[in-house]
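Colleague: Got run33.txt for you, compact mmCIF, C-alpha atoms:
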# COMPACT_ATOMS: atom_id res chain seq x y z
CA MET A 1157 -3.47 -6.40 -18.44
CA PRO A 1158 -2.48 -5.91 -14.78
CA ASP A 1159 -3.70 -8.47 -12.23
CA PRO A 1160 -6.86 -7.25 -10.43
CA LYS A 1161 -5.50 -8.64 -7.13
CA VAL A 1162 -2.29 -6.60 -7.56
CA MET A 1163 -4.36 -3.49 -8.37
CA GLU A 1164 -6.61 -3.93 -5.33
CA ALA A 1165 -3.59 -4.55 -3.08
CA ALA A 1166 -1.92 -1.39 -4.43
CA VAL A 1167 -4.92 0.73 -3.44
CA HIS A 1168 -4.90 -0.72 0.08
CA GLU A 1169 -1.12 -0.17 0.32
CA TYR A 1170 -1.63 3.44 -0.87
CA VAL A 1171 -4.04 4.11 1.99
CA ALA A 1172 -1.95 2.22 4.58
CA ALA A 1173 1.31 3.88 3.53
CA PHE A 1174 -0.30 7.33 3.51
CA ASP A 1175 -1.73 6.77 6.99
CA ALA A 1176 1.67 5.48 8.21
CA GLY A 1177 3.31 8.69 6.96
CA ALA A 1178 5.56 6.73 4.57
CA PRO A 1179 5.82 8.70 1.32
CA GLU A 1180 8.52 6.39 -0.08
CA ARG A 1181 6.05 3.46 0.16
CA VAL A 1182 3.47 5.50 -1.76
CA ALA A 1183 5.98 6.57 -4.41
CA ALA A 1184 7.03 2.92 -4.86
CA LEU A 1185 3.53 2.13 -6.17
CA PHE A 1186 4.12 4.37 -9.21
CA ALA A 1187 5.99 3.73 -12.46
CA ALA A 1188 9.13 5.81 -13.09
CA ASP A 1189 7.36 8.11 -15.56
CA ALA A 1190 3.98 8.24 -13.82
CA THR A 1191 1.77 11.33 -13.63
CA VAL A 1192 -0.23 12.54 -10.62
CA GLU A 1193 -2.98 15.11 -11.32
CA ASP A 1194 -4.29 16.06 -7.86
CA PRO A 1195 -6.77 17.66 -8.11
CA VAL A 1196 -7.79 17.14 -11.75
CA GLY A 1197 -7.18 20.37 -13.68
CA THR A 1198 -3.92 21.24 -11.93
CA GLU A 1199 -0.46 20.76 -13.45
CA PRO A 1200 0.44 17.05 -13.16
CA LYS A 1201 3.41 15.96 -11.08
CA VAL A 1202 5.55 13.84 -13.43
CA GLY A 1203 8.03 11.14 -12.39
CA GLN A 1204 9.03 9.43 -9.15
CA ALA A 1205 10.99 12.36 -7.67
CA ALA A 1206 8.16 14.85 -8.13
CA ILE A 1207 5.65 12.30 -6.82
CA LEU A 1208 7.74 11.56 -3.71
CA GLU A 1209 8.05 15.29 -3.04
CA PHE A 1210 4.29 15.76 -3.44
CA TYR A 1211 3.36 12.96 -1.02
CA THR A 1212 6.02 14.00 1.49
CA ALA A 1213 4.40 17.45 1.61
CA SER A 1214 0.85 16.01 1.69
CA MET A 1215 1.63 13.81 4.68
CA GLN A 1216 3.08 16.73 6.66
CA THR A 1217 -0.53 17.83 7.22
CA GLY A 1218 -1.09 14.65 9.27
CA ALA A 1219 -3.98 13.72 6.99
CA LYS A 1220 -5.40 10.19 7.24
CA LEU A 1221 -7.36 8.42 4.49
CA ALA A 1222 -10.35 6.10 4.88
CA LEU A 1223 -11.87 4.23 1.95
CA ASP A 1224 -15.59 4.79 1.31
CA GLY A 1225 -16.99 1.55 -0.07
CA ALA A 1226 -15.62 -0.93 -2.59
CA ILE A 1227 -12.73 -0.30 -4.96
CA ARG A 1228 -14.02 -0.37 -8.55
CA LEU A 1229 -11.70 -2.33 -10.89
CA CYS A 1230 -12.20 -1.83 -14.63
CA GLY A 1231 -9.57 -3.19 -17.02
CA PRO A 1232 -6.32 -1.39 -16.13
CA TYR A 1233 -8.14 1.15 -13.92
CA ALA A 1234 -8.98 1.27 -10.24
CA ALA A 1235 -11.43 3.93 -9.06
CA PHE A 1236 -12.10 4.46 -5.37
CA ALA A 1237 -13.86 6.91 -3.08
CA PHE A 1238 -12.32 7.94 0.21
CA THR A 1239 -12.40 10.62 2.87
CA VAL A 1240 -9.34 12.57 4.04
CA HIS A 1241 -9.45 13.37 7.74
CA LEU A 1242 -7.35 16.26 9.00
CA HIS A 1243 -6.89 17.75 12.46
CA TRP A 1244 -5.62 21.27 11.99
CA GLU A 1245 -5.54 24.35 14.21
CA GLY A 1246 -7.65 22.55 16.82
CA LYS A 1247 -10.41 21.63 14.38
CA ASP A 1248 -11.46 18.50 12.49
CA HIS A 1249 -11.66 18.82 8.73
CA ARG A 1250 -12.55 16.33 6.06
CA VAL A 1251 -12.30 16.20 2.30
CA GLU A 1252 -14.25 13.73 0.13
CA VAL A 1253 -12.21 12.50 -2.84
CA ILE A 1254 -12.46 9.98 -5.69
CA ASP A 1255 -9.17 8.82 -7.22
CA THR A 1256 -8.56 6.88 -10.41
CA PHE A 1257 -5.36 4.86 -10.89
CA LYS A 1258 -4.33 3.50 -14.29
CA PHE A 1259 -1.89 0.57 -14.07
CA ASN A 1260 0.70 -0.80 -16.46
CA ASP A 1261 1.18 -4.53 -17.04
CA ASP A 1262 3.75 -4.62 -14.22
CA GLY A 1263 1.11 -3.49 -11.75
CA LYS A 1264 2.60 -0.02 -11.29
CA VAL A 1265 0.44 3.12 -11.39
CA VAL A 1266 1.13 5.19 -14.52
CA GLU A 1267 -1.61 7.81 -14.07
CA MET A 1268 -3.39 9.06 -10.97
CA ARG A 1269 -6.23 11.58 -11.07
CA ALA A 1270 -7.95 12.98 -7.95
CA TYR A 1271 -11.46 14.46 -8.09
CA PHE A 1272 -12.52 16.86 -5.33
CA GLY A 1273 -13.38 20.53 -4.99
CA PRO A 1274 -14.67 23.20 -2.62
CA SER A 1275 -18.03 21.44 -2.12
CA ASN A 1276 -16.12 18.41 -0.77
CA MET A 1277 -14.12 20.35 1.84
CA HIS A 1278 -15.77 20.45 5.25
CA GLY A 1279 -14.73 22.26 8.42
CA PHE A 1280 -12.43 24.75 6.70
CA GLY A 1281 -14.79 27.74 7.06
CA MET B 838 -16.84 26.68 -16.22
CA PRO B 839 -20.17 24.94 -15.52
CA ASP B 840 -22.03 25.88 -12.34
CA PRO B 841 -21.35 23.34 -9.53
CA LYS B 842 -25.02 23.50 -8.51
CA VAL B 843 -26.09 22.59 -12.06
CA MET B 844 -23.57 19.72 -12.12
CA GLU B 845 -24.74 18.35 -8.77
CA ALA B 846 -28.40 18.63 -9.84
CA ALA B 847 -27.59 16.78 -13.09
CA VAL B 848 -26.17 13.82 -11.16
CA HIS B 849 -29.26 13.65 -8.95
CA GLU B 850 -31.51 13.91 -12.05
CA TYR B 851 -29.47 11.12 -13.69
CA VAL B 852 -30.19 8.78 -10.76
CA ALA B 853 -33.84 9.84 -10.43
CA ALA B 854 -34.53 9.54 -14.17
CA PHE B 855 -32.83 6.15 -14.34
CA ASP B 856 -34.86 4.91 -11.39
CA ALA B 857 -38.05 6.28 -12.98
CA GLY B 858 -37.32 4.33 -16.18
CA ALA B 859 -37.17 7.55 -18.22
CA PRO B 860 -34.30 7.23 -20.73
CA GLU B 861 -35.27 10.45 -22.54
CA ARG B 862 -34.72 12.37 -19.28
CA VAL B 863 -31.25 10.80 -18.96
CA ALA B 864 -30.38 11.53 -22.60
CA ALA B 865 -31.45 15.17 -22.11
CA LEU B 866 -28.58 15.62 -19.64
CA PHE B 867 -26.03 15.02 -22.42
CA ALA B 868 -24.70 17.37 -25.11
CA ALA B 869 -25.56 16.49 -28.73
CA ASP B 870 -22.07 15.10 -29.44
CA ALA B 871 -21.47 13.51 -26.02
CA THR B 872 -19.65 10.22 -25.48
CA VAL B 873 -20.59 7.44 -23.04
CA GLU B 874 -17.87 4.85 -22.26
CA ASP B 875 -19.63 2.29 -20.04
CA PRO B 876 -17.65 0.42 -18.87
CA VAL B 877 -14.32 2.16 -19.53
CA GLY B 878 -12.44 0.25 -22.23
CA THR B 879 -15.50 -0.49 -24.36
CA GLU B 880 -16.40 1.33 -27.57
CA PRO B 881 -17.98 4.67 -26.60
CA LYS B 882 -21.56 5.43 -27.54
CA VAL B 883 -21.43 8.77 -29.42
CA GLY B 884 -24.28 11.27 -29.75
CA GLN B 885 -27.78 11.64 -28.36
CA ALA B 886 -29.42 8.88 -30.43
CA ALA B 887 -26.86 6.24 -29.44
CA ILE B 888 -27.01 7.39 -25.82
CA LEU B 889 -30.83 7.22 -25.74
CA GLU B 890 -30.71 3.72 -27.22
CA PHE B 891 -28.11 2.64 -24.63
CA TYR B 892 -30.11 3.90 -21.63
CA THR B 893 -33.38 2.53 -23.01
CA ALA B 894 -31.78 -0.93 -23.11
CA SER B 895 -30.11 -0.49 -19.70
CA MET B 896 -33.40 0.38 -18.02
CA GLN B 897 -35.13 -2.67 -19.44
CA THR B 898 -33.25 -4.69 -16.82
CA GLY B 899 -35.27 -2.87 -14.13
CA ALA B 900 -32.01 -1.75 -12.51
CA LYS B 901 -32.16 0.94 -9.83
CA LEU B 902 -29.27 3.20 -8.81
CA ALA B 903 -28.37 4.41 -5.32
CA LEU B 904 -25.61 6.96 -4.68
CA ASP B 905 -22.84 5.89 -2.29
CA GLY B 906 -21.68 9.01 -0.48
CA ALA B 907 -21.04 12.55 -1.66
CA ILE B 908 -20.69 13.62 -5.28
CA ARG B 909 -17.15 14.88 -5.89
CA LEU B 910 -17.09 18.10 -7.98
CA CYS B 911 -13.75 19.12 -9.51
CA GLY B 912 -13.69 21.90 -12.10
CA PRO B 913 -15.85 20.65 -15.00
CA TYR B 914 -15.99 17.09 -13.61
CA ALA B 915 -18.37 15.27 -11.29
CA ALA B 916 -17.28 11.87 -9.94
CA PHE B 917 -19.68 9.73 -7.95
CA ALA B 918 -19.91 6.23 -6.52
CA PHE B 919 -23.15 4.30 -6.66
CA THR B 920 -24.60 0.82 -6.49
CA VAL B 921 -26.84 -0.70 -9.16
CA HIS B 922 -29.53 -2.98 -7.72
CA LEU B 923 -31.08 -5.59 -10.00
CA HIS B 924 -33.72 -8.22 -9.40
CA TRP B 925 -33.31 -10.85 -12.07
CA GLU B 926 -34.40 -14.47 -12.39
CA GLY B 927 -35.64 -14.42 -8.80
CA LYS B 928 -32.34 -13.23 -7.37
CA ASP B 929 -30.95 -9.92 -6.11
CA HIS B 930 -27.81 -8.67 -7.80
CA ARG B 931 -25.74 -5.58 -7.28
CA VAL B 932 -22.96 -3.85 -9.15
CA GLU B 933 -20.68 -1.21 -7.59
CA VAL B 934 -19.80 1.58 -10.03
CA ILE B 935 -17.98 4.91 -10.10
CA ASP B 936 -18.94 7.32 -12.91
CA THR B 937 -17.22 10.49 -14.04
CA PHE B 938 -19.13 13.18 -15.93
CA LYS B 939 -17.37 16.03 -17.75
CA PHE B 940 -19.61 19.05 -18.34
CA ASN B 941 -19.52 21.85 -20.91
CA ASP B 942 -20.18 25.48 -20.00
CA ASP B 943 -23.90 24.97 -20.70
CA GLY B 944 -24.07 22.35 -17.94
CA LYS B 945 -24.50 19.42 -20.36
CA VAL B 946 -22.48 16.21 -20.00
CA VAL B 947 -19.96 15.85 -22.84
CA GLU B 948 -18.13 12.74 -21.57
CA MET B 949 -19.27 9.95 -19.27
CA ARG B 950 -16.99 7.14 -18.13
CA ALA B 951 -18.15 4.22 -15.93
CA TYR B 952 -15.68 2.19 -13.85
CA PHE B 953 -16.69 -1.31 -12.77
CA GLY B 954 -15.64 -4.87 -13.44
CA PRO B 955 -16.16 -8.51 -12.45
CA SER B 956 -15.01 -7.92 -8.86
CA ASN B 957 -17.85 -5.38 -8.48
CA MET B 958 -20.62 -7.72 -9.65
CA HIS B 959 -22.34 -9.60 -6.82
CA GLY B 960 -25.01 -12.27 -6.96
CA PHE B 961 -24.42 -13.23 -10.59
CA GLY B 962 -22.67 -16.54 -9.80
Would you write out, as structure tokens, the structure that this file holds?

Modeller:
Amino acid sequence: MPDPKVMEAAVHEYVAAFDAGAPERVAALFAADATVEDPVGTEPKVGQAAILEFYTASMQTGAKLALDGAIRLCGPYAAFAFTVHLHWEGKDHRVEVIDTFKFNDDGKVVEMRAYFGPSNMHGFG
Amino acid sequence: MPDPKVMEAAVHEYVAAFDAGAPERVAALFAADATVEDPVGTEPKVGQAAILEFYTASMQTGAKLALDGAIRLCGPYAAFAFTVHLHWEGKDHRVEVIDTFKFNDDGKVVEMRAYFGPSNMHGFG
């Protein structure tokens, strides 16, 4: 089982690296064969190269993440709520998201799933 | 696809029915063959009878639920953060949880997963 302290630190590093615009730091949190399903129901990105490409594109929006409340740690899973803040075309936008990370015994993320939808997107109208 | 309004209403009814101590109202939100994995990693409760029994026991603790922030709706899934408040042996306790519900096209929950662990349990020491 992965160490809860390593899992919690990985979530904080995910947010910090995203907000620093450092996609390589985010990709480094994932295992080589990890999957990223963001949002849930879309085709997963599979493997480090695809994940790095996905986060590189995501960060080009200038989006910043802020955790909403405590990280939930449950066996090999971390689940956490956060808000994405975007400034785009002169307007503030936000998206409310919950992510789940599943970790391997080495403390690397093997599966990420992101839950959000139209009702969680504000300021885009 | 289930109606997002029905899904959101089901989450609010889940909290209200739990807080009212009405396990039959909670069980009515689930499909006949639904699964409840609470917490994730434990043996799922399967089917209405097992689910009713589980919530009947859960409510005997007098626990009350309070949503933390917006419900995330993503295709057939709802994900939501909440805090469980318990008064037990003269002390206040709380547990931070994130649940995911997967709905069928009839708006009934077919799969519930609850994420929490020791780091989310406060006041039990």

Colleague: Output as a CSV table (one decimal) with C-alpha atoms, in the coordinates of the input the set of chain A residues within 8 Å of chain B, with distances taken over all atoms listed in the file.

Modeller:
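Final file, iface06.csv:
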chain,number,residue,atom,x,y,z
A,1195,PRO,CA,-6.8,17.7,-8.1
A,1196,VAL,CA,-7.8,17.1,-11.8
A,1197,GLY,CA,-7.2,20.4,-13.7
A,1224,ASP,CA,-15.6,4.8,1.3
A,1225,GLY,CA,-17.0,1.6,-0.1
A,1226,ALA,CA,-15.6,-0.9,-2.6
A,1228,ARG,CA,-14.0,-0.4,-8.6
A,1229,LEU,CA,-11.7,-2.3,-10.9
A,1230,CYS,CA,-12.2,-1.8,-14.6
A,1231,GLY,CA,-9.6,-3.2,-17.0
A,1233,TYR,CA,-8.1,1.2,-13.9
A,1234,ALA,CA,-9.0,1.3,-10.2
A,1235,ALA,CA,-11.4,3.9,-9.1
A,1236,PHE,CA,-12.1,4.5,-5.4
A,1237,ALA,CA,-13.9,6.9,-3.1
A,1252,GLU,CA,-14.2,13.7,0.1
A,1253,VAL,CA,-12.2,12.5,-2.8
A,1254,ILE,CA,-12.5,10.0,-5.7
A,1271,TYR,CA,-11.5,14.5,-8.1
A,1272,PHE,CA,-12.5,16.9,-5.3
A,1273,GLY,CA,-13.4,20.5,-5.0
A,1274,PRO,CA,-14.7,23.2,-2.6
A,1275,SER,CA,-18.0,21.4,-2.1
A,1276,ASN,CA,-16.1,18.4,-0.8

Colleague: Atom CA of Gly1263 of chain A and atom CA of Leu1223 of chain A are how many Å apart?

Modeller: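 Atom CA of Gly1263 of chain A sits 20.4 Å away from atom CA of Leu1223 of chain A.
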
Colleague: Please report the interatomic distance between atom CA of Val1266 of chain A and atom CA of Ala1187 of chain A in Å with one decimal.

Modeller: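 Between atom CA of Val1266 of chain A and atom CA of Ala1187 of chain A the gap is 5.5 Å.
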
Colleague: Measure the distance from atom CA of Lys1247 of chain A to atom CA of Gly1279 of chain A in Å and round it to one decimal.

Modeller: 7.4 Å

Colleague: Check the smallest atom-to-atom distance from each of B:Trp925, B:Tyr851, B:Phe867, B:Phe938 to Leu902 of chain B using all atoms listed in the file, then report the winner.

Modeller: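 Checking each of B:Trp925, B:Tyr851, B:Phe867, B:Phe938 against Leu902 of chain B, counting all atoms listed in the file, the winner is B:Tyr851.
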
Colleague: Take chain A, superimpose it onto chain B by least squares using every C-alpha atom paired in sequence order, and output the result as an mmCIF file with C-alpha atoms, keeping the file's coordinate frame.

Modeller:
data_model
loop_
_atom_site.group_PDB
_atom_site.id
_atom_site.type_symbol
_atom_site.label_atom_id
_atom_site.label_comp_id
_atom_site.auth_asym_id
_atom_site.auth_seq_id
_atom_site.Cartn_x
_atom_site.Cartn_y
_atom_site.Cartn_z
ATOM 1 C CA MET A 1157 -16.815 26.669 -16.213
ATOM 2 C CA PRO A 1158 -20.152 24.939 -15.517
ATOM 3 C CA ASP A 1159 -22.026 25.864 -12.327
ATOM 4 C CA PRO A 1160 -21.345 23.334 -9.525
ATOM 5 C CA LYS A 1161 -25.033 23.493 -8.505
ATOM 6 C CA VAL A 1162 -26.090 22.591 -12.071
ATOM 7 C CA MET A 1163 -23.564 19.722 -12.107
ATOM 8 C CA GLU A 1164 -24.754 18.345 -8.763
ATOM 9 C CA ALA A 1165 -28.402 18.632 -9.848
ATOM 10 C CA ALA A 1166 -27.597 16.780 -13.091
ATOM 11 C CA VAL A 1167 -26.170 13.829 -11.160
ATOM 12 C CA HIS A 1168 -29.273 13.650 -8.960
ATOM 13 C CA GLU A 1169 -31.517 13.911 -12.049
ATOM 14 C CA TYR A 1170 -29.480 11.108 -13.693
ATOM 15 C CA VAL A 1171 -30.188 8.790 -10.766
ATOM 16 C CA ALA A 1172 -33.851 9.849 -10.437
ATOM 17 C CA ALA A 1173 -34.534 9.550 -14.169
ATOM 18 C CA PHE A 1174 -32.818 6.156 -14.346
ATOM 19 C CA ASP A 1175 -34.854 4.885 -11.394
ATOM 20 C CA ALA A 1176 -38.061 6.277 -12.971
ATOM 21 C CA GLY A 1177 -37.306 4.332 -16.166
ATOM 22 C CA ALA A 1178 -37.164 7.556 -18.216
ATOM 23 C CA PRO A 1179 -34.319 7.227 -20.727
ATOM 24 C CA GLU A 1180 -35.293 10.449 -22.532
ATOM 25 C CA ARG A 1181 -34.713 12.380 -19.264
ATOM 26 C CA VAL A 1182 -31.260 10.802 -18.964
ATOM 27 C CA ALA A 1183 -30.385 11.520 -22.595
ATOM 28 C CA ALA A 1184 -31.454 15.160 -22.111
ATOM 29 C CA LEU A 1185 -28.583 15.618 -19.633
ATOM 30 C CA PHE A 1186 -26.033 15.037 -22.420
ATOM 31 C CA ALA A 1187 -24.701 17.370 -25.113
ATOM 32 C CA ALA A 1188 -25.551 16.500 -28.733
ATOM 33 C CA ASP A 1189 -22.074 15.101 -29.429
ATOM 34 C CA ALA A 1190 -21.464 13.508 -26.029
ATOM 35 C CA THR A 1191 -19.647 10.210 -25.488
ATOM 36 C CA VAL A 1192 -20.589 7.446 -23.040
ATOM 37 C CA GLU A 1193 -17.878 4.855 -22.266
ATOM 38 C CA ASP A 1194 -19.629 2.288 -20.046
ATOM 39 C CA PRO A 1195 -17.645 0.426 -18.876
ATOM 40 C CA VAL A 1196 -14.313 2.168 -19.526
ATOM 41 C CA GLY A 1197 -12.425 0.258 -22.231
ATOM 42 C CA THR A 1198 -15.485 -0.507 -24.352
ATOM 43 C CA GLU A 1199 -16.393 1.321 -27.569
ATOM 44 C CA PRO A 1200 -17.970 4.674 -26.603
ATOM 45 C CA LYS A 1201 -21.561 5.435 -27.531
ATOM 46 C CA VAL A 1202 -21.422 8.759 -29.409
ATOM 47 C CA GLY A 1203 -24.274 11.263 -29.761
ATOM 48 C CA GLN A 1204 -27.779 11.649 -28.352
ATOM 49 C CA ALA A 1205 -29.416 8.889 -30.430
ATOM 50 C CA ALA A 1206 -26.866 6.252 -29.451
ATOM 51 C CA ILE A 1207 -27.019 7.395 -25.819
ATOM 52 C CA LEU A 1208 -30.833 7.223 -25.729
ATOM 53 C CA GLU A 1209 -30.704 3.725 -27.214
ATOM 54 C CA PHE A 1210 -28.116 2.636 -24.638
ATOM 55 C CA TYR A 1211 -30.108 3.892 -21.635
ATOM 56 C CA THR A 1212 -33.382 2.528 -23.007
ATOM 57 C CA ALA A 1213 -31.770 -0.927 -23.112
ATOM 58 C CA SER A 1214 -30.108 -0.484 -19.687
ATOM 59 C CA MET A 1215 -33.400 0.388 -18.016
ATOM 60 C CA GLN A 1216 -35.138 -2.684 -19.461
ATOM 61 C CA THR A 1217 -33.251 -4.694 -16.824
ATOM 62 C CA GLY A 1218 -35.251 -2.867 -14.124
ATOM 63 C CA ALA A 1219 -32.001 -1.746 -12.512
ATOM 64 C CA LYS A 1220 -32.169 0.945 -9.816
ATOM 65 C CA LEU A 1221 -29.274 3.209 -8.801
ATOM 66 C CA ALA A 1222 -28.376 4.424 -5.309
ATOM 67 C CA LEU A 1223 -25.616 6.950 -4.681
ATOM 68 C CA ASP A 1224 -22.843 5.889 -2.283
ATOM 69 C CA GLY A 1225 -21.676 9.006 -0.471
ATOM 70 C CA ALA A 1226 -21.041 12.546 -1.672
ATOM 71 C CA ILE A 1227 -20.704 13.621 -5.291
ATOM 72 C CA ARG A 1228 -17.155 14.885 -5.894
ATOM 73 C CA LEU A 1229 -17.092 18.104 -7.976
ATOM 74 C CA CYS A 1230 -13.753 19.104 -9.504
ATOM 75 C CA GLY A 1231 -13.695 21.884 -12.102
ATOM 76 C CA PRO A 1232 -15.866 20.655 -14.995
ATOM 77 C CA TYR A 1233 -15.985 17.090 -13.607
ATOM 78 C CA ALA A 1234 -18.365 15.268 -11.310
ATOM 79 C CA ALA A 1235 -17.285 11.885 -9.948
ATOM 80 C CA PHE A 1236 -19.679 9.735 -7.951
ATOM 81 C CA ALA A 1237 -19.916 6.230 -6.535
ATOM 82 C CA PHE A 1238 -23.158 4.300 -6.665
ATOM 83 C CA THR A 1239 -24.603 0.814 -6.496
ATOM 84 C CA VAL A 1240 -26.850 -0.706 -9.174
ATOM 85 C CA HIS A 1241 -29.515 -2.973 -7.724
ATOM 86 C CA LEU A 1242 -31.069 -5.575 -9.997
ATOM 87 C CA HIS A 1243 -33.720 -8.222 -9.391
ATOM 88 C CA TRP A 1244 -33.295 -10.847 -12.066
ATOM 89 C CA GLU A 1245 -34.396 -14.467 -12.390
ATOM 90 C CA GLY A 1246 -35.633 -14.435 -8.789
ATOM 91 C CA LYS A 1247 -32.331 -13.228 -7.356
ATOM 92 C CA ASP A 1248 -30.941 -9.918 -6.098
ATOM 93 C CA HIS A 1249 -27.799 -8.684 -7.797
ATOM 94 C CA ARG A 1250 -25.745 -5.579 -7.287
ATOM 95 C CA VAL A 1251 -22.964 -3.847 -9.153
ATOM 96 C CA GLU A 1252 -20.687 -1.204 -7.589
ATOM 97 C CA VAL A 1253 -19.805 1.570 -10.043
ATOM 98 C CA ILE A 1254 -17.985 4.920 -10.106
ATOM 99 C CA ASP A 1255 -18.939 7.314 -12.911
ATOM 100 C CA THR A 1256 -17.218 10.486 -14.047
ATOM 101 C CA PHE A 1257 -19.138 13.182 -15.943
ATOM 102 C CA LYS A 1258 -17.364 16.024 -17.746
ATOM 103 C CA PHE A 1259 -19.600 19.062 -18.346
ATOM 104 C CA ASN A 1260 -19.522 21.842 -20.908
ATOM 105 C CA ASP A 1261 -20.177 25.479 -20.002
ATOM 106 C CA ASP A 1262 -23.895 24.962 -20.692
ATOM 107 C CA GLY A 1263 -24.061 22.350 -17.955
ATOM 108 C CA LYS A 1264 -24.505 19.432 -20.356
ATOM 109 C CA VAL A 1265 -22.478 16.222 -20.008
ATOM 110 C CA VAL A 1266 -19.953 15.851 -22.844
ATOM 111 C CA GLU A 1267 -18.141 12.741 -21.572
ATOM 112 C CA MET A 1268 -19.271 9.953 -19.272
ATOM 113 C CA ARG A 1269 -16.991 7.137 -18.132
ATOM 114 C CA ALA A 1270 -18.138 4.222 -15.932
ATOM 115 C CA TYR A 1271 -15.673 2.190 -13.852
ATOM 116 C CA PHE A 1272 -16.693 -1.309 -12.751
ATOM 117 C CA GLY A 1273 -15.643 -4.879 -13.443
ATOM 118 C CA PRO A 1274 -16.164 -8.506 -12.451
ATOM 119 C CA SER A 1275 -15.014 -7.913 -8.851
ATOM 120 C CA ASN A 1276 -17.854 -5.375 -8.475
ATOM 121 C CA MET A 1277 -20.624 -7.722 -9.656
ATOM 122 C CA HIS A 1278 -22.330 -9.596 -6.838
ATOM 123 C CA GLY A 1279 -25.016 -12.275 -6.954
ATOM 124 C CA PHE A 1280 -24.433 -13.242 -10.584
ATOM 125 C CA GLY A 1281 -22.686 -16.556 -9.806
#

Colleague: With only C-alpha atoms as the atoms that count, which of A:Asp1175, A:Glu1193, A:Asp1262, A:Glu1169 lies nearest to Leu1242 of chain A?

Modeller: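 Counting only C-alpha atoms, the residue closest to Leu1242 of chain A is A:Asp1175.
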
Colleague: Rank B:Asp875, B:His924, B:Asp942, B:Pro860 by their smallest atom-to-atom distance to Thr893 of chain B, using only C-alpha atoms, and report the top residue only.

Modeller: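 The answer is B:Pro860, which sits nearest to Thr893 of chain B.
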
Colleague: For Ala1205 of chain A, list every protein, DNA or RNA residue within 10 Å, evaluated using all atoms listed in the file, and leave out those in the same chain fewer than 6 positions away; present the list as a ChimeraX atom specification.

Modeller: /A:1180,1183,1188-1189

Colleague: So, counting only C-alpha atoms, which residue among A:Val1192, A:His1241, A:Gly1177, A:Gly1281 is closest to Gln1216 of chain A?

Modeller: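 Going through A:Val1192, A:His1241, A:Gly1177, A:Gly1281 one by one, the smallest distance to Gln1216 of chain A is for A:Gly1177.
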
Colleague: Check the smallest atom-to-atom distance from each of B:Phe855, B:Lys939, B:Leu889, B:Arg862 to Lys901 of chain B using only C-alpha atoms, then report the winner.

Modeller: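 Between B:Phe855, B:Lys939, B:Leu889, B:Arg862, the residue approaching Lys901 of chain B most closely is B:Phe855.
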
Colleague: Taking all atoms of segment 891-902 of chain B that appear in the file, build a box with edges along x, y and z, extend it by 6 Å on every side, and state its centre and edge lengths in Å to one decimal, as AutoDock Vina command-line options.

Modeller:
--center_x -31.7 --center_y -0.4 --center_z -16.7 --size_x 19.2 --size_y 20.6 --size_z 27.8

Colleague: For Val848 of chain B, which of B:Gly927, B:Phe961, B:Met896, B:Ala903 is the closest residue, counting all atoms listed in the file?

Modeller: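 The answer is B:Ala903, which sits nearest to Val848 of chain B.
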